[in-house]
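J.: What follows is the file input_22.txt, containing compact mmCIF, C-alpha atoms:
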# COMPACT_ATOMS: atom_id res chain seq x y z
CA MET A 131 151.83 -77.38 45.59
CA ASP A 132 148.32 -75.85 45.88
CA ILE A 133 146.86 -75.25 49.29
CA LYS A 134 143.05 -75.46 49.68
CA ARG A 135 141.43 -72.37 51.27
CA PRO A 136 137.74 -73.25 52.00
CA ASP A 137 137.28 -69.99 53.95
CA LEU A 138 137.75 -67.92 50.73
CA LYS A 139 134.91 -69.77 49.02
CA GLN A 140 132.59 -69.06 51.93
CA LYS A 141 133.56 -65.39 51.90
CA ARG A 142 132.79 -65.18 48.16
CA LYS A 143 129.32 -66.74 48.65
CA ARG A 144 128.65 -64.40 51.53
CA LYS A 145 129.51 -61.35 49.40
CA GLN A 146 127.25 -62.55 46.57
CA LEU A 147 124.35 -63.06 48.99
CA ILE A 148 124.84 -59.63 50.48
CA GLY A 149 124.88 -58.13 46.97
CA VAL A 150 121.65 -59.87 45.98
CA VAL A 151 119.92 -58.80 49.19
CA SER A 152 121.12 -55.22 48.81
CA GLY A 153 119.97 -55.08 45.18
CA THR A 154 116.58 -56.49 46.07
CA ALA A 155 116.17 -53.92 48.84
CA VAL A 156 117.14 -51.09 46.54
CA MET A 157 114.69 -52.29 43.89
CA ALA A 158 111.94 -52.52 46.50
CA VAL A 159 112.61 -48.98 47.70
CA LEU A 160 112.59 -47.68 44.12
CA MET A 161 109.32 -49.47 43.40
CA ILE A 162 107.71 -47.93 46.49
CA ILE A 163 108.92 -44.46 45.47
CA LEU A 164 107.60 -44.94 41.93
CA PHE A 165 104.19 -46.09 43.16
CA ARG A 166 103.94 -43.11 45.45
CA LEU A 167 104.68 -40.62 42.67
CA GLU A 168 101.59 -38.92 41.08
CA PRO A 169 101.03 -39.51 37.37
CA ALA A 170 102.30 -36.80 35.14
CA ALA A 171 99.71 -34.05 34.47
CA PRO A 172 98.40 -34.07 30.88
CA LYS A 173 99.47 -31.12 28.79
CA VAL A 174 96.76 -28.97 27.17
CA GLU A 175 97.18 -26.07 24.79
CA ARG A 176 95.76 -22.90 26.30
CA SER A 177 94.24 -21.86 22.99
CA THR A 178 92.01 -24.95 22.91
CA VAL A 179 90.16 -24.21 26.16
CA TRP A 180 87.79 -21.42 27.17
CA ILE A 181 89.06 -19.54 30.21
CA ASP A 182 87.07 -16.91 32.09
CA ARG A 183 87.69 -14.77 35.16
CA VAL A 184 85.33 -14.67 38.16
CA GLN A 185 83.89 -11.19 38.68
CA ARG A 186 81.80 -9.41 41.30
CA GLY A 187 79.25 -6.74 40.44
CA GLU A 188 75.85 -6.34 38.80
CA PHE A 189 74.47 -9.62 37.51
CA VAL A 190 71.71 -9.46 34.87
CA ARG A 191 69.64 -12.63 34.67
CA GLN A 192 68.33 -13.39 31.20
CA VAL A 193 66.74 -16.24 29.28
CA ARG A 194 66.95 -16.77 25.53
CA GLY A 195 64.48 -18.30 23.15
CA PRO A 196 64.20 -18.62 19.38
CA GLY A 197 61.01 -17.62 17.64
CA THR A 198 59.32 -16.05 14.64
CA LEU A 199 57.68 -12.76 13.79
CA VAL A 200 53.93 -12.95 13.23
CA PRO A 201 51.38 -10.24 12.42
CA LYS A 202 49.65 -8.76 15.45
CA GLU A 203 46.30 -8.84 13.65
CA ILE A 204 45.40 -11.79 11.45
CA ARG A 205 41.96 -12.25 9.96
CA LEU A 206 40.69 -15.53 8.60
CA ILE A 207 38.24 -14.83 5.80
CA ALA A 208 35.43 -17.40 5.92
CA ALA A 209 32.65 -18.07 3.45
CA THR A 210 29.35 -16.96 5.00
CA SER A 211 27.24 -18.30 2.12
CA GLU A 212 27.24 -21.67 0.47
CA GLY A 213 28.41 -21.55 -3.12
CA ARG A 214 30.71 -22.77 -5.85
CA VAL A 215 33.98 -20.97 -6.55
CA GLU A 216 33.76 -19.19 -9.89
CA ARG A 217 36.95 -17.13 -9.82
CA VAL A 218 39.94 -16.45 -7.58
CA LEU A 219 40.73 -12.80 -8.22
CA VAL A 220 43.74 -12.18 -5.95
CA LYS A 221 46.76 -14.37 -5.25
CA ALA A 222 48.77 -14.71 -2.05
CA GLY A 223 51.29 -11.94 -1.44
CA ALA A 224 49.16 -9.14 -2.88
CA ARG A 225 48.23 -6.11 -0.81
CA VAL A 226 44.48 -5.77 -0.33
CA GLU A 227 42.00 -3.23 1.00
CA PRO A 228 38.89 -3.95 3.10
CA ASP A 229 36.59 -3.96 0.04
CA THR A 230 38.92 -5.96 -2.24
CA VAL A 231 37.07 -8.95 -3.70
CA LEU A 232 39.22 -12.06 -3.25
CA VAL A 233 36.95 -14.84 -4.51
CA GLU A 234 33.66 -14.92 -6.43
CA LEU A 235 31.09 -17.60 -5.57
CA SER A 236 27.85 -18.57 -7.32
CA ASN A 237 24.59 -19.90 -5.85
CA PRO A 238 21.47 -19.63 -8.11
CA GLU A 239 19.18 -20.97 -5.38
CA LEU A 240 20.30 -18.25 -3.00
CA VAL A 241 19.66 -15.59 -5.66
CA ARG A 242 16.14 -16.98 -6.16
CA GLN A 243 15.46 -16.92 -2.41
CA ALA A 244 16.63 -13.31 -2.28
CA GLU A 245 14.19 -12.37 -5.07
CA GLU A 246 11.31 -14.15 -3.34
CA ALA A 247 12.18 -12.40 -0.08
CA GLY A 248 12.01 -9.08 -1.93
CA TRP A 249 8.57 -9.88 -3.30
CA SER A 250 7.36 -11.01 0.12
CA GLY A 251 8.58 -7.74 1.58
CA GLU A 252 6.67 -5.69 -0.99
CA ALA A 253 3.51 -7.74 -0.34
CA ALA A 254 3.82 -7.30 3.42
CA GLU A 255 4.23 -3.54 3.07
CA ALA A 256 1.17 -3.41 0.78
CA ASP A 257 -0.86 -5.37 3.34
CA LEU A 258 0.26 -2.91 6.01
CA ARG A 259 -0.89 0.08 3.98
CA SER A 260 -4.24 -1.60 3.26
CA LEU A 261 -4.75 -2.44 6.94
CA GLU A 262 -3.88 1.10 7.96
CA ALA A 263 -6.52 2.48 5.53
CA GLU A 264 -9.19 0.02 6.69
CA LEU A 265 -8.60 0.64 10.38
CA SER A 266 -8.50 4.39 9.83
CA ARG A 267 -11.89 4.17 8.14
CA GLU A 268 -13.35 2.20 11.07
CA LEU A 269 -12.01 4.78 13.48
CA LEU A 270 -13.56 7.62 11.48
CA ASP A 271 -16.95 5.82 11.43
CA ALA A 272 -16.81 5.36 15.18
CA ARG A 273 -15.97 9.02 15.71
CA ALA A 274 -18.84 10.03 13.41
CA GLY A 275 -21.26 7.86 15.40
CA LEU A 276 -20.01 9.47 18.60
CA ALA A 277 -20.65 12.91 17.17
CA VAL A 278 -24.26 11.97 16.27
CA VAL A 279 -24.91 10.57 19.73
CA LYS A 280 -23.42 13.67 21.34
CA ALA A 281 -25.69 15.89 19.24
CA ASP A 282 -28.76 13.85 20.22
CA GLN A 283 -27.72 13.96 23.88
CA GLN A 284 -27.25 17.73 23.81
CA GLY A 285 -30.68 18.18 22.13
CA ALA A 286 -32.34 15.97 24.70
CA GLN A 287 -30.61 17.89 27.48
CA LEU A 288 -31.90 21.22 26.13
CA GLN A 289 -35.43 19.84 25.77
CA MET A 290 -35.35 18.53 29.34
CA GLU A 291 -34.20 21.90 30.66
CA ALA A 292 -36.94 23.72 28.71
CA GLU A 293 -39.68 21.35 29.91
CA ALA A 294 -38.54 21.75 33.48
CA ASP A 295 -39.77 25.39 33.46
CA LEU A 296 -42.96 24.47 31.62
CA VAL A 297 -43.81 21.78 34.17
CA LYS A 298 -43.78 24.42 36.91
CA GLN A 299 -46.24 26.50 34.83
CA GLY A 300 -48.46 23.49 34.17
CA ILE A 301 -48.02 23.70 30.41
CA VAL A 302 -46.18 20.34 30.10
CA SER A 303 -47.21 17.31 32.00
CA ARG A 304 -44.82 15.77 34.50
CA LEU A 305 -44.92 12.48 32.57
CA GLN A 306 -43.62 14.11 29.41
CA PHE A 307 -40.87 15.84 31.40
CA ARG A 308 -39.90 12.57 32.98
CA GLN A 309 -39.70 10.91 29.54
CA SER A 310 -37.45 13.73 28.28
CA GLU A 311 -35.26 13.39 31.34
CA LEU A 312 -34.87 9.62 30.84
CA ARG A 313 -34.02 10.10 27.16
CA ALA A 314 -31.32 12.63 28.04
CA GLN A 315 -29.84 10.23 30.58
CA GLN A 316 -29.86 7.34 28.09
CA LEU A 317 -28.12 9.44 25.44
CA GLU A 318 -25.51 10.51 28.00
CA ILE A 319 -24.81 6.83 28.74
CA ARG A 320 -24.54 6.13 24.99
CA VAL A 321 -22.00 8.97 24.66
CA GLY A 322 -19.85 7.31 27.33
CA LEU A 323 -20.14 3.92 25.67
CA GLU A 324 -19.22 5.36 22.27
CA GLN A 325 -16.18 7.07 23.78
CA GLN A 326 -15.14 3.80 25.43
CA ARG A 327 -15.64 1.96 22.15
CA ILE A 328 -13.41 4.47 20.35
CA GLN A 329 -10.68 4.01 22.98
CA GLU A 330 -10.81 0.23 22.67
CA LEU A 331 -10.90 0.52 18.89
CA GLY A 332 -7.78 2.70 19.03
CA ALA A 333 -5.97 0.09 21.16
CA SER A 334 -7.10 -2.66 18.79
CA ILE A 335 -5.88 -0.64 15.82
CA GLN A 336 -2.48 -0.16 17.44
CA ALA A 337 -2.20 -3.89 18.19
CA GLN A 338 -3.14 -4.88 14.64
CA LEU A 339 -0.77 -2.36 13.13
CA ALA A 340 2.04 -3.49 15.47
CA ALA A 341 1.50 -7.11 14.46
CA GLN A 342 1.52 -6.23 10.78
CA GLN A 343 4.56 -3.99 11.20
CA ALA A 344 6.36 -6.84 12.99
CA ARG A 345 5.59 -9.12 10.06
CA VAL A 346 6.83 -6.44 7.66
CA GLU A 347 10.02 -6.06 9.71
CA GLN A 348 10.48 -9.83 9.74
CA VAL A 349 10.15 -10.03 5.99
CA ARG A 350 12.40 -6.98 5.59
CA ARG A 351 15.12 -8.58 7.70
CA LEU A 352 14.78 -11.83 5.78
CA LYS A 353 15.16 -9.83 2.59
CA GLN A 354 18.22 -8.03 3.95
CA ARG A 355 19.72 -11.32 5.07
CA ARG A 356 19.17 -12.90 1.69
CA GLU A 357 20.58 -9.85 -0.05
CA GLN A 358 23.60 -9.91 2.29
CA GLN A 359 24.12 -13.61 1.56
CA VAL A 360 24.06 -12.85 -2.15
CA ALA A 361 26.51 -9.98 -1.60
CA ASP A 362 28.72 -12.32 0.44
CA LEU A 363 29.13 -14.51 -2.62
CA GLN A 364 31.83 -11.96 -3.36
CA VAL A 365 34.29 -12.76 -0.58
CA ARG A 366 36.11 -9.57 0.48
CA ALA A 367 39.27 -9.01 2.49
CA GLY A 368 37.61 -7.10 5.34
CA ILE A 369 40.85 -5.37 6.43
CA ALA A 370 43.78 -3.67 4.77
CA GLY A 371 46.87 -5.82 4.67
CA VAL A 372 48.66 -8.56 2.76
CA LEU A 373 46.90 -11.69 1.52
CA GLN A 374 48.90 -14.58 2.96
CA ILE A 375 46.95 -17.69 1.97
CA VAL A 376 44.15 -18.59 -0.47
CA ASN A 377 42.67 -22.01 0.32
CA VAL A 378 40.26 -22.51 -2.60
CA GLU A 379 40.37 -23.36 -6.30
CA PRO A 380 37.83 -22.59 -9.07
CA GLY A 381 35.03 -25.13 -9.19
CA GLU A 382 35.28 -26.04 -5.51
CA GLN A 383 32.01 -26.21 -3.55
CA LEU A 384 32.18 -24.32 -0.26
CA ALA A 385 30.03 -24.62 2.86
CA PRO A 386 29.36 -21.69 5.21
CA GLY A 387 32.26 -21.23 7.61
CA PHE A 388 34.95 -22.58 5.28
CA ASN A 389 38.20 -20.60 5.61
CA VAL A 390 38.76 -19.08 2.20
CA ALA A 391 41.83 -16.94 2.86
CA ARG A 392 44.01 -15.28 5.49
CA VAL A 393 44.87 -11.58 5.57
CA ALA A 394 47.49 -10.05 7.87
CA GLN A 395 48.73 -6.56 8.62
CA PRO A 396 52.52 -6.77 8.22
CA GLU A 397 53.11 -3.30 9.62
CA GLU A 398 52.30 -4.46 13.16
CA LEU A 399 54.33 -7.54 14.13
CA ILE A 400 54.91 -9.39 17.38
CA ALA A 401 57.52 -12.01 18.22
CA GLU A 402 56.47 -15.47 19.35
CA LEU A 403 59.40 -16.87 21.33
CA ARG A 404 59.77 -20.48 22.49
CA VAL A 405 61.50 -20.67 25.88
CA ALA A 406 62.48 -23.92 27.60
CA GLU A 407 59.99 -24.76 30.32
CA THR A 408 62.77 -24.99 32.93
CA GLN A 409 63.72 -21.36 32.24
CA ALA A 410 60.22 -19.93 31.74
CA ARG A 411 59.07 -20.07 35.37
CA ASP A 412 60.57 -16.64 36.18
CA ILE A 413 59.14 -14.84 33.12
CA GLN A 414 56.50 -12.23 33.95
CA MET A 415 54.39 -9.71 32.06
CA ASP A 416 55.97 -6.44 30.86
CA GLN A 417 59.54 -7.70 31.25
CA LYS A 418 62.05 -6.12 28.88
CA VAL A 419 63.05 -8.11 25.79
CA GLU A 420 65.66 -7.64 23.07
CA VAL A 421 64.73 -9.28 19.78
CA ASP A 422 67.50 -9.98 17.26
CA THR A 423 66.08 -9.93 13.72
CA ARG A 424 69.48 -10.76 12.13
CA ASN A 425 69.33 -7.26 10.66
CA GLY A 426 69.19 -5.33 13.92
CA VAL A 427 68.00 -5.56 17.51
CA VAL A 428 64.53 -4.32 18.46
CA GLU A 429 63.31 -3.64 21.98
CA GLY A 430 60.09 -5.20 23.19
CA ARG A 431 58.09 -6.29 26.22
CA VAL A 432 56.32 -9.48 27.26
CA ILE A 433 52.57 -9.26 26.60
CA ARG A 434 51.47 -12.90 26.93
CA ILE A 435 52.77 -16.15 28.45
CA ASP A 436 51.15 -19.32 27.19
CA PRO A 437 49.97 -21.41 30.18
CA ALA A 438 50.49 -24.66 28.25
CA VAL A 439 53.78 -26.45 27.58
CA LEU A 440 54.35 -27.80 24.07
CA ASN A 441 57.34 -30.03 23.27
CA GLY A 442 59.17 -28.85 26.37
CA THR A 443 58.81 -25.13 25.57
CA VAL A 444 56.54 -22.28 26.58
CA GLN A 445 55.40 -19.70 24.04
CA VAL A 446 56.02 -16.09 25.05
CA ASP A 447 54.51 -13.26 22.97
CA VAL A 448 56.56 -10.07 22.74
CA GLU A 449 55.29 -6.69 21.58
CA LEU A 450 57.90 -4.87 19.49
CA ILE A 451 58.34 -1.27 20.66
CA GLY A 452 61.25 0.11 18.66
CA GLN A 453 61.55 0.87 14.96
CA LEU A 454 61.68 -2.30 12.89
CA PRO A 455 64.72 -2.74 10.62
CA SER A 456 64.25 -2.89 6.88
CA GLY A 457 63.49 -6.30 5.45
CA VAL A 458 61.49 -7.48 8.46
CA ARG A 459 58.46 -9.54 7.42
CA PRO A 460 56.11 -12.16 8.89
CA ASP A 461 57.51 -15.65 9.59
CA LEU A 462 61.05 -14.27 9.94
CA SER A 463 63.17 -16.29 12.40
CA VAL A 464 64.43 -14.25 15.35
CA ASP A 465 66.16 -14.72 18.71
CA GLY A 466 64.85 -13.06 21.85
CA VAL A 467 66.59 -12.34 25.16
CA ILE A 468 64.24 -11.69 28.10
CA GLU A 469 65.62 -9.77 31.07
CA LEU A 470 64.38 -11.41 34.28
CA GLU A 471 66.08 -9.31 36.97
CA ARG A 472 69.16 -7.28 37.92
CA LEU A 473 71.15 -8.35 41.00
CA GLU A 474 73.68 -6.11 42.75
CA ASP A 475 77.06 -7.25 44.22
CA VAL A 476 76.94 -10.82 42.97
CA LEU A 477 79.90 -13.15 42.33
CA TYR A 478 79.53 -14.58 38.81
CA VAL A 479 81.41 -16.19 35.97
CA GLY A 480 80.75 -17.33 32.44
CA ARG A 481 78.39 -20.27 32.24
CA PRO A 482 80.46 -23.49 32.01
CA ALA A 483 79.62 -26.40 29.78
CA TYR A 484 76.94 -28.57 31.43
CA GLY A 485 76.65 -26.01 34.23
CA GLN A 486 73.08 -25.82 35.51
CA SER A 487 71.59 -23.47 38.08
CA ASN A 488 71.65 -24.52 41.74
CA SER A 489 74.16 -27.34 41.18
CA THR A 490 77.72 -28.29 42.09
CA VAL A 491 80.31 -28.89 39.36
CA SER A 492 84.05 -29.53 39.17
CA LEU A 493 86.03 -26.81 37.43
CA PHE A 494 89.75 -26.51 36.73
CA ARG A 495 91.06 -23.39 38.48
CA LEU A 496 94.35 -21.85 37.28
CA ASP A 497 97.01 -21.51 39.99
CA GLY A 498 99.22 -18.98 38.20
CA ASP A 499 102.08 -21.42 37.46
CA GLY A 500 100.56 -22.85 34.31
CA ASN A 501 98.70 -25.57 36.22
CA ALA A 502 94.93 -25.99 36.53
CA LEU A 503 93.64 -27.79 39.63
CA ARG A 504 90.20 -29.38 39.88
CA SER A 505 87.95 -27.58 42.39
CA PRO A 506 84.31 -28.16 43.40
CA VAL A 507 82.19 -25.08 42.73
CA SER A 508 78.61 -24.42 43.90
CA LEU A 509 76.53 -22.56 41.31
CA GLY A 510 73.37 -20.49 41.92
CA ARG A 511 71.07 -18.57 39.61
CA ALA A 512 71.81 -18.79 35.92
CA SER A 513 71.50 -16.45 32.97
CA VAL A 514 72.06 -16.93 29.25
CA ASN A 515 75.88 -16.74 29.31
CA LEU A 516 76.59 -16.12 33.00
CA ILE A 517 75.95 -17.98 36.25
CA GLU A 518 76.15 -17.04 39.92
CA VAL A 519 78.99 -18.49 42.00
CA VAL A 520 77.80 -19.45 45.49
CA ALA A 521 80.99 -21.09 46.85
CA GLY A 522 84.32 -22.50 45.71
CA LEU A 523 85.73 -19.48 43.86
CA GLN A 524 86.70 -15.90 44.57
CA ALA A 525 86.71 -12.73 42.50
CA GLY A 526 89.71 -12.75 40.17
CA ASP A 527 90.03 -16.55 39.92
CA GLN A 528 90.43 -17.95 36.44
CA VAL A 529 88.65 -21.18 35.55
CA ILE A 530 88.23 -23.35 32.47
CA LEU A 531 84.63 -23.26 31.25
CA SER A 532 84.89 -25.51 28.19
CA ASP A 533 84.17 -29.24 28.26
CA THR A 534 86.82 -31.05 30.36
CA SER A 535 85.31 -34.54 30.31
CA ALA A 536 88.45 -35.83 28.51
CA TRP A 537 90.40 -35.25 31.77
CA ASP A 538 87.91 -36.69 34.24
CA GLU A 539 90.63 -39.05 35.56
CA HIS A 540 93.00 -36.18 36.36
CA ASP A 541 92.81 -33.59 39.11
CA ARG A 542 95.51 -31.43 37.51
CA ILE A 543 96.35 -30.41 33.97
CA ARG A 544 99.23 -28.42 32.54
CA LEU A 545 98.46 -25.46 30.25
CA GLU A 546 101.00 -24.61 27.60
Would you write out, as structure tokens, the structure that this file holds?
T.:
Amino acid sequence: MDIKRPDLKQKRKRKQLIGVVSGTAVMAVLMIILFRLEPAAPKVERSTVWIDRVQRGEFVRQVRGPGTLVPKEIRLIAATSEGRVERVLVKAGARVEPDTVLVELSNPELVRQAEEAGWSGEAAEADLRSLEAELSRELLDARAGLAVVKADQQGAQLQMEAEADLVKQGIVSRLQFRQSELRAQQLEIRVGLEQQRIQELGASIQAQLAAQQARVEQVRRLKQRREQQVADLQVRAGIAGVLQIVNVEPGEQLAPGFNVARVAQPEELIAELRVAETQARDIQMDQKVEVDTRNGVVEGRVIRIDPAVLNGTVQVDVELIGQLPSGVRPDLSVDGVIELERLEDVLYVGRPAYGQSNSTVSLFRLDGDGNALRSPVSLGRASVNLIEVVAGLQAGDQVILSDTSAWDEHDRIRLE
């Protein structure tokens, strides 16, 4: 006969409830522990990142800019006379001398004007010679008249002196003596007037000759100018160098001032560097520069800083001091590094990706156990490949400089 035991059923239910409560509590504790655990650090291969060590010592600030080599002296050859292009005698790339004829022009009207100017010059010189002869003759006549008057005056003076003694003796009347005296005085006045007339005639002659000589000089200069314009129909290089560009074709009509060609001296080159405007503010005259020509490095110095900004860059002209490598020619692309200053006892490191001067960035610093922890770092003055460390790192620390934007959500990574 079975005996009912209701207390056993209650005990069983109680045990089940306790088990459920205990399991729920354990699950809750495990969930809390799991939520409190940090996510696993991502693993990164050491060979895929750029690691550098923080150093202390001399820090050389530099800025870099690409550029080209250009001739130091470039001459644009312009047409000084109007004319039509007959022949182009020299092509671009040829070496020329100052008297090398590059282009021949023709202008018949200019040739005719030069001939007429020559004839006008000859006529003006002939008129000058004729005027000189005529004025010389007038001057001689005036001098001859003065000589006659002087002779008459001297004769009258002698007669007056002789009659003065005769008057005392009563041989000559006083009236006759007085007449002789007046005549001598009149002739003396005439001598003075003739001398004054000769002086004024001499001044007049000089003025007339000066006016005619000025006209002759004017015509002579016009003749020279016309002859020079005709000579300029043969366009010459003007300097020794290499002909870079010829801008005309046979048959083309040119006006005065048209740029016919360009000649450069390739032996003397300068570098025109283009530096970002944000980095150009510390560049000054005579700063040292190293110019990489792809075939060697040449030393130089800053000789000009363009005050204008073009497309976000500033042009800096650099004079090349050292010996140029072989193969260097105008328009060659180069890279220049300008030394701004040298700082002693400065904490610095390689320039990180997106690291700008006077900013704060987050860098992963190695802890020596294969982990890299994110650390805020204050940066100071920057150079081409280096940057000053103001705070956040110490000498000997190793940091990752390459782009770490893929791990922006992590404060720790694991290097393998």
J.: State, in Å with one decimal place, the distance from CA of Ala341 in chain A to CA of Asp271 in chain A.
T.: 22.7 Å
J.: Any idea what's packed within 8 Å of Glu203 in chain A, counting only C-alpha atoms, ignoring anything in its chain fewer than 2 positions away? Could you give it as a PyMOL selection string?
T.: chain A and resi 201+205+394-395+398
J.: Go ahead and save the residues from that selection, with C-alpha atoms, as a compact mmCIF listing (two decimals), keeping the file's coordinate frame.
T.:
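part_25.txt, written as the output of this step:
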# COMPACT_ATOMS: atom_id res chain seq x y z
CA PRO A 201 51.38 -10.24 12.42
CA ARG A 205 41.96 -12.25 9.96
CA ALA A 394 47.49 -10.05 7.87
CA GLN A 395 48.73 -6.56 8.62
CA GLU A 398 52.30 -4.46 13.16
J.: If we count all atoms listed in the file, what is near Val520 in chain A at a cut-off of 6 Å, once residues fewer than 6 positions away on the same chain are taken out, given as a list in words?
T.: Ser508, Leu509 and Gly510 of chain A
J.: So that I can check the surroundings of Asp362 in chain A, please list as number ranges by chain every protein, DNA and RNA residue that reaches within 9 Å of it, counting all atoms listed in the file and ignoring chain neighbours fewer than 6 positions away.
T.: A: 209-211, 234-235
J.: Just to confirm, what's the straight-line distance from CA of Glu420 in chain A to CA of Ala438 in chain A in Å (one decimal)?
T.: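 Rounded to one decimal, the two atoms are 23.4 Å apart.
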